[in-house]
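Below is one structure, written out as structure tokens; comments come after it.
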Amino acid sequence: MNFKRIWREFKDHLLKNISFILLVMISIMIIVGFNRAMDSYITAANNLHKDYHVENGQFRIYGSLTKKQELSMERRFHITIEENKNVDYELDDTHTLRIICADKEMNQVAIISGAPLSSEQEVILDPKFAAENHYEIGDEIILYDNTFHIVGYGISPDYVNTLKNLSDFLSSPQTFGVAYLTASGFEKIDNTDTKTTLYSYQGDSYNISRLRDYLDDRTQLLDFREKDSNSRIQAVFDDANGPKQMSVIIGVLLVIIVAFIISISIRSTIRAESQTIGILYAQGFNKNELMRYYIMLPSLLVLIGSLLGYGVGMVISRPLLFIEEAQYSLPYVELIDSWYLIAVGMVLPMGIALLITTLSLSQALNKTPLSLLNGNHSNNKVSKIEKIFTFKSFNFFTKFRLKDIVRERGSVIALLFGVLLSMAILCTAAYTRDSCYKYVADLEKNVPFTYVYTFIDQKDLNKYSKKGEQTALRNIKIDVKGSKKSLMIQGITPHSQFFKIPGIHSLKNNEVLVAPCLITKFGLRIGDRLTLIDDVENKTYNVMIKGISSYDYGQYLYTNIKTYNHIFNIHKQSYNALVTNQPIDIAEEKVSSTMNKSEMINGIKNLLTMVNIMADILLIGAVGILMTVVYMLMRMIIDKAKINISMVKIFGFTPDEVSKMYLKGNFVILIAGFIFALPAGYMITKMLYDSIMANMQQYILPYIKLSSILGAFIIMSLSYMGTCALLKRNLDHVLLTEALKNRE
Amino acid sequence: MFLEVNSLVKKYMSGETEFLALNNLSFGMQSGEIGVILGPSGSGKSTLMNIIGGLENATSGSVKIQENEIVGLNSKALGLYRRNFVGFVFQFYNLIPNLTIRENIEVCSHLGKDPLNINHLIEKVGLKGHEDKFPSQLSGGQQQRVAIARALIKNPKLLLCDEPTGALDYKTSKEVLELFEEINQNYHTTIIMITHNDAIKYMAHRIISIKDGQIRSNKVNEHRLMAHDIDW
């Protein structure tokens with residue numbers, strides 16, 4: 001009973017023990033790596049919000065508030081109101097810079113590198129736009145004929161997700177960025193005749209609905225948006241929570257597999273060593289002493305795996321930040337260490353290992369020394385389930401393999417679980433990659449316009465109406481399981497040259513068609529009645545889903561203009577937007593939003609690079625988990641069947657026949673795992689998308705190509721075959737004398 | 001001569017010490033004989049059976065079965081030899097617990113070129129009615145019958161039995177020995193039994209006694225008894 005024997009046992013089953021350590025390591029690495037990275041990112045975002053005074057919300061009105069009105073509202077609603085001065089400047093045809101006045105109390109600029117603003121000739125750029133367009137600190141940039149020196153890179157909390165329009169899916173730093181100027185610097189360039197004003201507010205959320213009512217009554221309120229529904233502010237949290245949730249699910253499932261393996265492994269060790277235990281018992285060793293000994297190796301393996309997993313998790317947490325950094329801008333993210341990760345990463349696996357080992361050992365060691373010595377414990381009994389499944393109609397070898405699966409059902413369930421998990425990860429990789437690529441392809445193919453301009457003033461729309469086709473667009477919300485979700489409703493003109501949606505013009509009363517993504521994202525169904533909430537007007541409207549639209553580029557409800565008017569009870573002209581194939585020459589301040597097809601596509605194309613890297617990581621992880629789990633569990637099955645394997649070798653079965661009997665049957669588990677993995681991969685991807693895109697006005701439908709399904713299956717089959725080649729060596733190494741050991 | 005063993009030597013290394021398990025051992029057996037090899041523990045009888053059965057190779061010497069040399073064959077060729085020529089019966093039956101009696105026997109029916117009829121064999125070994133039972137549902141004697149049927153199903157020319165009655169009581173042992181006798185008569189199978197039980201030698205055609213890896217005596221039994229008549 002000493003470390004030398006444990007070391008010998010470790011060396012005797014070196015590959016098996018290393019695989020076990022590897023599996024524990026992967027589980028803990030996934031949990032610790034992703035959670036530490038995402039927690040740190042969320043904390044950094046929260047710190048930015050706190051330290052740089054993020055707004056609680058914002059509203060845009062036609063015209064502006066007087067100082068007196070501002071003060072009156074601040075007193076009445078116990079809030080602080082501040083004008084959020086900004087102007088969009090077109091550097092050229094494709095590049096727009098939103099210039100923001102940085103001298104303010106809310107949404108202050110956090111310096112990421114360089115120096116803060118100290119004079120009116122200085123400018124701070126957002127780091128992604130600067131990197132994409134090769135602006136460096138010390139360079140000059142000309143804005144409205146004024147030259148500014150770039151003194152640093154920075155970001156304010158309301159532009160962490162640097163979206164041009166709030167309805168945009170993703171940022172596009174190649175074409176859009178933000179720049180911060182001092183108040184006097186901003187004065188120099190702000191010579192535009194702004195018709196609308198954006199305000200930010202901070203204060204008691206209790207008064208917010210009253211504030212909105214107040215603004216609605218006394219101003220021409222164009223938009224009112226609380227922080228939680230502002231994807232420039234909120235998306236970072238949803239986005240970081242997606243990988244965090246996924247990593248916890250994968251990590252916990254792996255820990256369960258580890259627990260299974262410990263339990264199976266302990267039982268087979270006890271079975272194999274029962275006579276030794278019997279002798280030790282007979283010589284006076286007690287249960288606790290034996291327990292201490294047998295608990296040592298699995299505990300050590302789990303401890304080593306946990307420590308390695310924790311260590312590697314800590315190391316990979318910094319590179320894993322790329323998942324967020326690719327999309328968002330934050331000052332330096334300091335990695336934080338949480339107690340719960342130490343608990344989950346080290347204490348929990350050890351706790352589970354000790355519990356499972358103790359339970360398994362306790363049961364095995366309850367036998368009397370005599371029964372252990374006689375080998376009465378040995379697993380010769382046949383369970384009820386084995387008696388039920390006789391597989392009489394199968395040929396002998398198939399029957400042999402199937403019976404073996406039933407007998408080793410504990411290991412087989414763990415194997416199925418492991419195969420399912422690894423394949424689900426692989427399918428998730430394929431789903432995320434394929435759905436993003438399909439989304440881009442569909443956008444290019446299916447978005448029926450090049451530009452959509454939403455006008456603030458009806459007169460401006462009338463002025464430009466000849467340049468395109470008029471349409472009606474309104475941002476509304478629906479209640480989904482107690483949470484308000486933003487979407488757009490569009491009223492389409494008869495004989496539209498742009499929107500060819502079958503059945504749209506036969507919609508009556510309050511009927512609408514729904515974009516397919518809403519069906520998947522919010523679980524809407526044809527025939528559902530929806531209550532549309534207009535936060536700006538503080539009114540509700542009812543619609544009924546009549547069908548599904550042929551377009552799927554955003555969260556849209558479509559109807560014809562007549563029904564649109566009916567829904568919103570509008571008797572006058574309701575068009576407010578213009579759909580065009582060419583850009584129109586209009587001042588930025590005259591439109592509340594512009595949708596640009598190429599910007600939409602560019603935004604999502606940025607995502608593809610990140611998705612590809614993530615899919616590759618998932619692929620490597622899936623193959624690693626599959627090979628480790630298959631190797632470990634099948635090795636245990638082989639170890640358990642050593643005597644039988646030795647016997648069939650003695651009888652004269654060839655190595656190929658032996659591997660056919662003991663290895664090939666498990667391919668059926670691979671197929672079963674794969675069949676379940678496809679829906680599981682869909683569910684994981686959907687969960688990931690639901691989390692990431694919870695507050696975005698876009699949604700990507702999980703999709704997988706047939707070739708990816710085949711590819712995934714081939715990758716898994718090759719990994720399985722590789723593992724089987726290793727296992728075949730184990731089979732070949734089973735000695736003929738194994739079956740003869742118990743003679744004499 | 002069916003089996004010819006000449007100058008057989010088997011050495012084992014135990015650390016740096018050399019151990020001579022078989023020391024220049026020679027004997028022969030005719031086809032269809034029952035041979036009993038007697039000897040105390042450590043005398044080398046199991047090593048001898050392992051080499052004749054093709055489970056391990058000799059250090060030197062020769063073992064010929066029907067004039068085919070097996071010493072020096074590689075593991076693949078030894079596997080083929082075991083497959084085509086030899087059936088094994090062990091003291092502990094080593095049946096596959098989750099296979100029924102029929103299936104346990106069936107395991108080996110795929111090995112021989114001319115396997116026996118399984119139903120006929122089951123009846124012959126007295127297991128009719130037990131075909132669908134599992135090994136744990138049978139007595140020790142019945143399990144050994146299954147092991148014997150499993151060894152016989154491929155119709156081997158040589159049946160090697162390692163203490164076949166070692167785990168059985170007196171009555172069951174005699175039943176099993178009677179079965180061997182029947183098999184020998186019905187199928188003309190050459191049988192070699194290694195045993196501690198001195199009484200078994202009376203049913204053998206040839207009695208070989210070994211000690212310290214050498215033949216002490218090799219006699220033809222001219223006063224054979226039927227298994228039923230031997231006693232201990």
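Starting from 1 in every chain, residues are counted up; chains themselves are A, B, ... following the order of the structure tokens, and ligands are numbered from 1 as listed.
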Can you pull out the residues contacting Ile26 (chain A)? Cut-off 12 Å, using only C-alpha atoms, and skip same-chain residues under 3 positions away; I want them as a short mmCIF file (atom, residue, chain, number, x, y, z; two decimals) with N, CA, C and O atoms, in the first residue's frame.
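Saved as result_8.cif:
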```cif
data_model
loop_
_atom_site.label_atom_id
_atom_site.label_comp_id
_atom_site.auth_asym_id
_atom_site.auth_seq_id
_atom_site.Cartn_x
_atom_site.Cartn_y
_atom_site.Cartn_z
N SER A 19 -5.42 9.47 -20.87
CA SER A 19 -6.71 9.85 -21.50
C SER A 19 -7.66 10.38 -20.45
O SER A 19 -8.38 11.36 -20.68
N PHE A 20 -7.67 9.73 -19.31
CA PHE A 20 -8.58 10.15 -18.23
C PHE A 20 -8.21 11.57 -17.77
O PHE A 20 -9.08 12.44 -17.64
N ILE A 21 -6.91 11.77 -17.56
CA ILE A 21 -6.45 13.10 -17.15
C ILE A 21 -6.84 14.14 -18.20
O ILE A 21 -7.32 15.23 -17.89
N LEU A 22 -6.67 13.73 -19.47
CA LEU A 22 -6.98 14.62 -20.58
C LEU A 22 -8.46 15.02 -20.59
O LEU A 22 -8.81 16.18 -20.81
N LEU A 23 -9.30 14.03 -20.32
CA LEU A 23 -10.74 14.29 -20.32
C LEU A 23 -11.12 15.25 -19.20
O LEU A 23 -11.89 16.20 -19.41
N MET A 29 -10.93 22.84 -18.42
CA MET A 29 -10.38 23.90 -19.27
C MET A 29 -11.51 24.67 -19.96
O MET A 29 -11.49 25.90 -19.99
N ILE A 30 -12.50 23.93 -20.47
CA ILE A 30 -13.62 24.59 -21.16
C ILE A 30 -14.38 25.49 -20.19
O ILE A 30 -14.64 26.66 -20.47
N ILE A 31 -14.69 24.93 -19.02
CA ILE A 31 -15.47 25.72 -18.05
C ILE A 31 -14.67 26.95 -17.61
O ILE A 31 -15.15 28.08 -17.66
N VAL A 32 -13.42 26.70 -17.19
CA VAL A 32 -12.62 27.80 -16.64
C VAL A 32 -12.26 28.82 -17.73
O VAL A 32 -12.43 30.03 -17.54
N GLY A 33 -11.80 28.30 -18.88
CA GLY A 33 -11.33 29.20 -19.95
C GLY A 33 -12.43 30.15 -20.41
O GLY A 33 -12.26 31.37 -20.37
N PHE A 34 -13.58 29.58 -20.80
CA PHE A 34 -14.66 30.42 -21.33
C PHE A 34 -15.25 31.33 -20.25
O PHE A 34 -15.49 32.50 -20.48
N SER A 247 -20.35 26.82 -22.65
CA SER A 247 -19.20 26.16 -22.02
C SER A 247 -19.60 25.46 -20.73
O SER A 247 -19.10 24.38 -20.43
N ILE A 250 -21.39 22.20 -21.81
CA ILE A 250 -20.43 21.20 -22.31
C ILE A 250 -19.55 20.69 -21.18
O ILE A 250 -19.34 19.49 -21.01
N GLY A 251 -19.05 21.62 -20.36
CA GLY A 251 -18.16 21.25 -19.25
C GLY A 251 -18.85 20.33 -18.26
O GLY A 251 -18.30 19.30 -17.85
N VAL A 252 -20.09 20.68 -17.90
CA VAL A 252 -20.81 19.86 -16.92
C VAL A 252 -21.10 18.47 -17.49
O VAL A 252 -20.94 17.47 -16.79
N LEU A 253 -21.48 18.43 -18.77
CA LEU A 253 -21.74 17.12 -19.39
C LEU A 253 -20.47 16.27 -19.38
O LEU A 253 -20.52 15.07 -19.11
N LEU A 254 -19.34 16.92 -19.64
CA LEU A 254 -18.07 16.17 -19.61
C LEU A 254 -17.76 15.68 -18.20
O LEU A 254 -17.29 14.55 -18.02
N VAL A 255 -18.05 16.52 -17.20
CA VAL A 255 -17.79 16.09 -15.82
C VAL A 255 -18.68 14.88 -15.49
O VAL A 255 -18.23 13.94 -14.81
N ILE A 257 -19.66 12.64 -17.63
CA ILE A 257 -19.03 11.49 -18.29
C ILE A 257 -17.84 11.01 -17.45
O ILE A 257 -17.65 9.81 -17.25
N VAL A 258 -17.07 11.96 -16.93
CA VAL A 258 -15.92 11.61 -16.09
C VAL A 258 -16.41 10.80 -14.87
O VAL A 258 -15.83 9.77 -14.52
N VAL A 302 -7.83 12.79 -11.08
CA VAL A 302 -8.77 13.92 -11.17
C VAL A 302 -8.06 15.20 -10.74
O VAL A 302 -8.22 16.26 -11.36
N ILE A 304 -4.84 15.90 -10.85
CA ILE A 304 -3.89 16.35 -11.88
C ILE A 304 -4.67 16.97 -13.06
O ILE A 304 -4.34 18.04 -13.54
N GLY A 305 -5.74 16.25 -13.49
CA GLY A 305 -6.57 16.75 -14.60
C GLY A 305 -7.16 18.12 -14.29
O GLY A 305 -7.15 19.03 -15.12
N SER A 306 -7.66 18.27 -13.05
CA SER A 306 -8.29 19.54 -12.65
C SER A 306 -7.26 20.66 -12.63
O SER A 306 -7.52 21.76 -13.13
N LEU A 307 -6.10 20.36 -12.03
CA LEU A 307 -5.07 21.40 -11.96
C LEU A 307 -4.61 21.82 -13.35
O LEU A 307 -4.50 23.01 -13.65
N LEU A 308 -4.39 20.79 -14.21
CA LEU A 308 -3.99 21.11 -15.58
C LEU A 308 -5.09 21.89 -16.30
O LEU A 308 -4.81 22.89 -16.96
N GLY A 309 -6.33 21.41 -16.15
CA GLY A 309 -7.47 22.06 -16.80
C GLY A 309 -7.61 23.49 -16.33
O GLY A 309 -7.84 24.40 -17.13
N TYR A 310 -7.45 23.68 -15.03
CA TYR A 310 -7.57 25.04 -14.46
C TYR A 310 -6.45 25.92 -15.03
O TYR A 310 -6.69 27.04 -15.48
N GLY A 311 -5.23 25.34 -15.04
CA GLY A 311 -4.07 26.09 -15.54
C GLY A 311 -4.23 26.45 -17.01
O GLY A 311 -4.09 27.61 -17.39
N VAL A 312 -4.58 25.44 -17.82
CA VAL A 312 -4.73 25.70 -19.26
C VAL A 312 -5.92 26.66 -19.50
O VAL A 312 -5.85 27.55 -20.35
N GLY A 313 -6.98 26.46 -18.72
CA GLY A 313 -8.15 27.35 -18.81
C GLY A 313 -7.74 28.80 -18.55
O GLY A 313 -8.18 29.72 -19.25
N ILE A 316 -5.77 29.98 -21.64
CA ILE A 316 -6.54 30.23 -22.89
C ILE A 316 -7.59 31.32 -22.71
O ILE A 316 -8.16 31.77 -23.69
N GLY A 345 -13.91 24.43 -10.91
CA GLY A 345 -12.78 23.88 -11.63
C GLY A 345 -11.97 22.87 -10.84
O GLY A 345 -11.38 21.97 -11.41
N SER A 422 -19.63 14.96 -28.19
CA SER A 422 -18.59 15.43 -29.11
C SER A 422 -19.18 15.69 -30.48
O SER A 422 -18.84 16.67 -31.14
N ILE A 620 -11.75 20.80 -33.30
CA ILE A 620 -10.62 20.16 -32.63
C ILE A 620 -11.08 19.59 -31.28
O ILE A 620 -10.77 18.46 -30.91
N GLY A 621 -11.87 20.41 -30.56
CA GLY A 621 -12.39 19.97 -29.25
C GLY A 621 -13.23 18.71 -29.39
O GLY A 621 -13.08 17.75 -28.64
N ALA A 622 -14.11 18.70 -30.42
CA ALA A 622 -15.01 17.56 -30.62
C ALA A 622 -14.21 16.29 -30.91
O ALA A 622 -14.48 15.24 -30.32
N VAL A 623 -13.23 16.40 -31.79
CA VAL A 623 -12.42 15.23 -32.14
C VAL A 623 -11.66 14.75 -30.91
O VAL A 623 -11.59 13.55 -30.62
N GLY A 624 -11.09 15.70 -30.16
CA GLY A 624 -10.34 15.36 -28.94
C GLY A 624 -11.22 14.63 -27.93
O GLY A 624 -10.83 13.57 -27.40
N ILE A 625 -12.42 15.16 -27.72
CA ILE A 625 -13.33 14.54 -26.75
C ILE A 625 -13.74 13.15 -27.24
O ILE A 625 -13.72 12.17 -26.49
N LEU A 626 -14.09 13.06 -28.53
CA LEU A 626 -14.53 11.77 -29.07
C LEU A 626 -13.45 10.71 -28.90
O LEU A 626 -13.70 9.62 -28.37
N THR A 628 -10.85 10.64 -26.93
CA THR A 628 -10.53 10.34 -25.54
C THR A 628 -11.62 9.46 -24.92
O THR A 628 -11.31 8.45 -24.28
N VAL A 629 -12.88 9.86 -25.12
CA VAL A 629 -13.97 9.11 -24.50
C VAL A 629 -14.05 7.69 -25.08
O VAL A 629 -14.15 6.71 -24.34
#
```
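Note that DSSP on the backbone gives strand (DSSP E) to these residues of region 15-56 of chain B: Thr17, Glu18, Phe19, Leu20, Ala21, Leu22, Asn23, Asn24, Leu25, Ser26, Phe27, Gly28, Met29, Ile34, Gly35, Val36, Ile37 and Leu38 of chain B.
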Polymer residues at most 10 Å from Asp126 (chain A), only C-alpha atoms, same-chain spacing of 4 or more positions, as a PyMOL selection string:
chain A and resi 97+109+111-112+130-131+152-156+159-160+162+173+176-180+329-330
For the selection you just gave me, I'd like the residues written to a file as a PDB file, in the first residue's frame, keeping N, CA, C and O atoms.
```
ATOM      1  N   LEU A  97     -17.984  58.738 -40.484  1.00  0.00           N
ATOM      2  CA  LEU A  97     -17.477  58.875 -39.127  1.00  0.00           C
ATOM      3  C   LEU A  97     -18.512  59.645 -38.317  1.00  0.00           C
ATOM      4  O   LEU A  97     -18.937  60.737 -38.728  1.00  0.00           O
ATOM      5  N   VAL A 109     -15.767  59.265 -22.626  1.00  0.00           N
ATOM      6  CA  VAL A 109     -14.854  58.468 -23.454  1.00  0.00           C
ATOM      7  C   VAL A 109     -13.783  57.805 -22.588  1.00  0.00           C
ATOM      8  O   VAL A 109     -13.106  58.480 -21.801  1.00  0.00           O
ATOM      9  N   ILE A 111     -10.244  56.063 -22.585  1.00  0.00           N
ATOM     10  CA  ILE A 111      -9.075  56.007 -23.474  1.00  0.00           C
ATOM     11  C   ILE A 111      -8.538  54.571 -23.504  1.00  0.00           C
ATOM     12  O   ILE A 111      -8.286  53.969 -22.462  1.00  0.00           O
ATOM     13  N   ILE A 112      -8.422  54.013 -24.683  1.00  0.00           N
ATOM     14  CA  ILE A 112      -7.880  52.657 -24.825  1.00  0.00           C
ATOM     15  C   ILE A 112      -6.370  52.721 -25.028  1.00  0.00           C
ATOM     16  O   ILE A 112      -5.625  51.950 -24.449  1.00  0.00           O
ATOM     17  N   ALA A 130     -10.131  52.838 -36.651  1.00  0.00           N
ATOM     18  CA  ALA A 130      -8.758  53.286 -36.870  1.00  0.00           C
ATOM     19  C   ALA A 130      -7.917  52.144 -37.448  1.00  0.00           C
ATOM     20  O   ALA A 130      -7.183  52.338 -38.427  1.00  0.00           O
ATOM     21  N   ALA A 131      -8.073  50.955 -36.864  1.00  0.00           N
ATOM     22  CA  ALA A 131      -7.270  49.817 -37.327  1.00  0.00           C
ATOM     23  C   ALA A 131      -7.640  49.427 -38.757  1.00  0.00           C
ATOM     24  O   ALA A 131      -6.770  49.180 -39.590  1.00  0.00           O
ATOM     25  N   GLY A 152      -5.402  59.668 -29.662  1.00  0.00           N
ATOM     26  CA  GLY A 152      -5.614  58.388 -28.983  1.00  0.00           C
ATOM     27  C   GLY A 152      -6.775  57.610 -29.578  1.00  0.00           C
ATOM     28  O   GLY A 152      -7.468  58.077 -30.497  1.00  0.00           O
ATOM     29  N   TYR A 153      -6.926  56.401 -29.046  1.00  0.00           N
ATOM     30  CA  TYR A 153      -8.084  55.574 -29.395  1.00  0.00           C
ATOM     31  C   TYR A 153      -8.935  55.443 -28.141  1.00  0.00           C
ATOM     32  O   TYR A 153      -8.398  55.278 -27.035  1.00  0.00           O
ATOM     33  N   GLY A 154     -10.223  55.505 -28.326  1.00  0.00           N
ATOM     34  CA  GLY A 154     -11.087  55.380 -27.148  1.00  0.00           C
ATOM     35  C   GLY A 154     -12.501  55.047 -27.543  1.00  0.00           C
ATOM     36  O   GLY A 154     -12.847  54.991 -28.743  1.00  0.00           O
ATOM     37  N   ILE A 155     -13.317  54.787 -26.548  1.00  0.00           N
ATOM     38  CA  ILE A 155     -14.717  54.412 -26.808  1.00  0.00           C
ATOM     39  C   ILE A 155     -15.577  54.878 -25.648  1.00  0.00           C
ATOM     40  O   ILE A 155     -15.114  54.913 -24.501  1.00  0.00           O
ATOM     41  N   SER A 156     -16.801  55.227 -25.949  1.00  0.00           N
ATOM     42  CA  SER A 156     -17.745  55.579 -24.875  1.00  0.00           C
ATOM     43  C   SER A 156     -18.691  54.392 -24.683  1.00  0.00           C
ATOM     44  O   SER A 156     -18.889  53.594 -25.610  1.00  0.00           O
ATOM     45  N   TYR A 159     -21.163  53.204 -27.302  1.00  0.00           N
ATOM     46  CA  TYR A 159     -20.726  52.748 -28.632  1.00  0.00           C
ATOM     47  C   TYR A 159     -19.783  51.546 -28.549  1.00  0.00           C
ATOM     48  O   TYR A 159     -18.991  51.309 -29.451  1.00  0.00           O
ATOM     49  N   VAL A 160     -19.906  50.772 -27.450  1.00  0.00           N
ATOM     50  CA  VAL A 160     -19.080  49.569 -27.308  1.00  0.00           C
ATOM     51  C   VAL A 160     -19.323  48.655 -28.528  1.00  0.00           C
ATOM     52  O   VAL A 160     -18.398  48.079 -29.081  1.00  0.00           O
ATOM     53  N   THR A 162     -20.211  49.273 -32.010  1.00  0.00           N
ATOM     54  CA  THR A 162     -20.229  50.507 -32.803  1.00  0.00           C
ATOM     55  C   THR A 162     -21.130  50.346 -34.025  1.00  0.00           C
ATOM     56  O   THR A 162     -20.654  50.206 -35.158  1.00  0.00           O
ATOM     57  N   PRO A 173     -16.640  48.089 -39.010  1.00  0.00           N
ATOM     58  CA  PRO A 173     -15.612  49.105 -38.790  1.00  0.00           C
ATOM     59  C   PRO A 173     -14.863  49.516 -40.057  1.00  0.00           C
ATOM     60  O   PRO A 173     -14.203  50.542 -40.066  1.00  0.00           O
ATOM     61  N   PHE A 176     -17.710  52.273 -40.978  1.00  0.00           N
ATOM     62  CA  PHE A 176     -18.303  53.196 -40.002  1.00  0.00           C
ATOM     63  C   PHE A 176     -17.521  53.173 -38.689  1.00  0.00           C
ATOM     64  O   PHE A 176     -17.121  52.111 -38.204  1.00  0.00           O
ATOM     65  N   GLY A 177     -17.338  54.373 -38.128  1.00  0.00           N
ATOM     66  CA  GLY A 177     -16.668  54.464 -36.836  1.00  0.00           C
ATOM     67  C   GLY A 177     -17.110  55.714 -36.099  1.00  0.00           C
ATOM     68  O   GLY A 177     -17.912  56.511 -36.608  1.00  0.00           O
ATOM     69  N   VAL A 178     -16.605  55.880 -34.879  1.00  0.00           N
ATOM     70  CA  VAL A 178     -16.939  57.097 -34.119  1.00  0.00           C
ATOM     71  C   VAL A 178     -15.654  57.854 -33.789  1.00  0.00           C
ATOM     72  O   VAL A 178     -14.582  57.261 -33.645  1.00  0.00           O
ATOM     73  N   ALA A 179     -15.823  59.197 -33.700  1.00  0.00           N
ATOM     74  CA  ALA A 179     -14.692  60.067 -33.351  1.00  0.00           C
ATOM     75  C   ALA A 179     -15.175  61.014 -32.255  1.00  0.00           C
ATOM     76  O   ALA A 179     -16.343  61.410 -32.230  1.00  0.00           O
ATOM     77  N   TYR A 180     -14.294  61.327 -31.314  1.00  0.00           N
ATOM     78  CA  TYR A 180     -14.673  62.195 -30.195  1.00  0.00           C
ATOM     79  C   TYR A 180     -13.859  63.482 -30.264  1.00  0.00           C
ATOM     80  O   TYR A 180     -12.629  63.458 -30.455  1.00  0.00           O
ATOM     81  N   SER A 329     -15.617  47.036 -28.672  1.00  0.00           N
ATOM     82  CA  SER A 329     -14.444  47.792 -28.232  1.00  0.00           C
ATOM     83  C   SER A 329     -14.569  48.088 -26.746  1.00  0.00           C
ATOM     84  O   SER A 329     -15.587  48.612 -26.302  1.00  0.00           O
ATOM     85  N   LEU A 330     -13.553  47.705 -26.019  1.00  0.00           N
ATOM     86  CA  LEU A 330     -13.503  48.009 -24.580  1.00  0.00           C
ATOM     87  C   LEU A 330     -12.070  48.387 -24.243  1.00  0.00           C
ATOM     88  O   LEU A 330     -11.138  47.962 -24.922  1.00  0.00           O
TER      89      LEU A 330
END
```
Using only C-alpha atoms, find each residue in chain B having at least one atom no more than 10 Å away from chain A; report its shortest atom-to-atom pair and that distance in Å (one decimal), rows by chain then rising number, as CSV.
```
residue,atom,partner,partner_atom,distance
B:Ser41,CA,A:Glu744,CA,7.9
B:Gly42,CA,A:Glu744,CA,9.7
B:Ser46,CA,A:Glu744,CA,9.0
B:Asn50,CA,A:Thr737,CA,9.2
B:Gly53,CA,A:Ile650,CA,8.8
B:Gly54,CA,A:Ile650,CA,8.6
B:Leu55,CA,A:Leu736,CA,6.7
B:Glu56,CA,A:Leu736,CA,8.6
B:Lys76,CA,A:Thr654,CA,7.7
B:Ala77,CA,A:Gly652,CA,9.9
B:Leu78,CA,A:Gly652,CA,8.3
B:Gly79,CA,A:Gly652,CA,4.9
B:Leu80,CA,A:Gly652,CA,6.2
B:Tyr81,CA,A:Gly652,CA,7.6
B:Arg82,CA,A:Gly652,CA,5.1
B:Arg83,CA,A:Gly652,CA,4.0
B:Asn84,CA,A:Gly652,CA,7.8
B:Phe85,CA,A:Gly652,CA,9.5
B:Val86,CA,A:Phe651,CA,7.8
B:Gly87,CA,A:Phe651,CA,7.0
B:Phe88,CA,A:Phe651,CA,7.3
B:Phe90,CA,A:Arg743,CA,7.6
B:Gln91,CA,A:Arg743,CA,6.4
B:Phe92,CA,A:Arg743,CA,7.0
B:Tyr93,CA,A:Ala739,CA,9.9
B:Asn94,CA,A:Asn644,CA,7.3
B:Leu95,CA,A:Asn644,CA,7.9
B:Ile96,CA,A:Asn644,CA,6.5
B:Pro97,CA,A:Asn380,CA,5.2
B:Asn98,CA,A:Val382,CA,6.1
B:Leu99,CA,A:Lys403,CA,7.6
B:Thr100,CA,A:Thr390,CA,8.9
B:Glu103,CA,A:Phe396,CA,7.8
B:Asn104,CA,A:Phe400,CA,9.9
B:Glu106,CA,A:Phe396,CA,7.8
B:Val107,CA,A:Phe396,CA,7.8
B:Cys108,CA,A:Phe651,CA,7.0
B:His110,CA,A:Phe653,CA,9.1
B:Leu111,CA,A:Phe653,CA,7.2
B:Gly112,CA,A:Gly652,CA,9.6
B:Asp132,CA,A:Thr390,CA,9.4
B:Lys133,CA,A:Lys387,CA,9.2
B:Phe134,CA,A:Val382,CA,7.3
B:Pro135,CA,A:Asn380,CA,7.9
B:Ser136,CA,A:Lys381,CA,6.0
B:Gln137,CA,A:Lys381,CA,8.7
B:Arg150,CA,A:Phe651,CA,9.5
B:Ala151,CA,A:Phe651,CA,8.1
B:Lys154,CA,A:Phe651,CA,9.8
B:Asp162,CA,A:Arg743,CA,8.0
B:Glu163,CA,A:Glu744,CA,8.2
B:Gly166,CA,A:Glu744,CA,8.7
B:Thr195,CA,A:Glu744,CA,9.9
B:His196,CA,A:Glu744,CA,9.7
```
Select from region 13-171 of chain B everything DSSP, run on the backbone, classes as alpha helix (DSSP H), then give the selection as an MDAnalysis selection string.
chainID B and resid 45:52 75:85 101:109 118:124 140:152 170:171
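Excluding Met610 (chain A) and any residue on its chain fewer than 2 positions from it, the residues at most 10 Å away by only C-alpha atoms are Phe322, Ile323, Glu324, Glu325, Ala326, Gln327, Arg433, Lys605, Asn606, Leu607, Leu608, Asn612, Ile613, Met614, Ala615 and Asp616 of chain A.
For the pair CA of Tyr551 (chain A) and CA of Asp93 (chain A), the interatomic distance is 28.1 Å.
Shortest separation to Gln66 (chain B) among B:Leu20, B:Leu138, B:Met29, B:Ile192 occurs at residue B:Met29, atoms counted being only C-alpha atoms.
Taking CA of Ala343 (chain A) and CA of Ile28 (chain A) as the two end points, the separation is 10.8 Å.
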I'd like the neighbourhood of region 503-506 of chain A as number ranges by chain, where a residue qualifies if any of its atoms comes within 8 Å (using only C-alpha atoms), though same-chain residues fewer than 5 positions away should be ignored.
A: 494, 512-513, 558-560
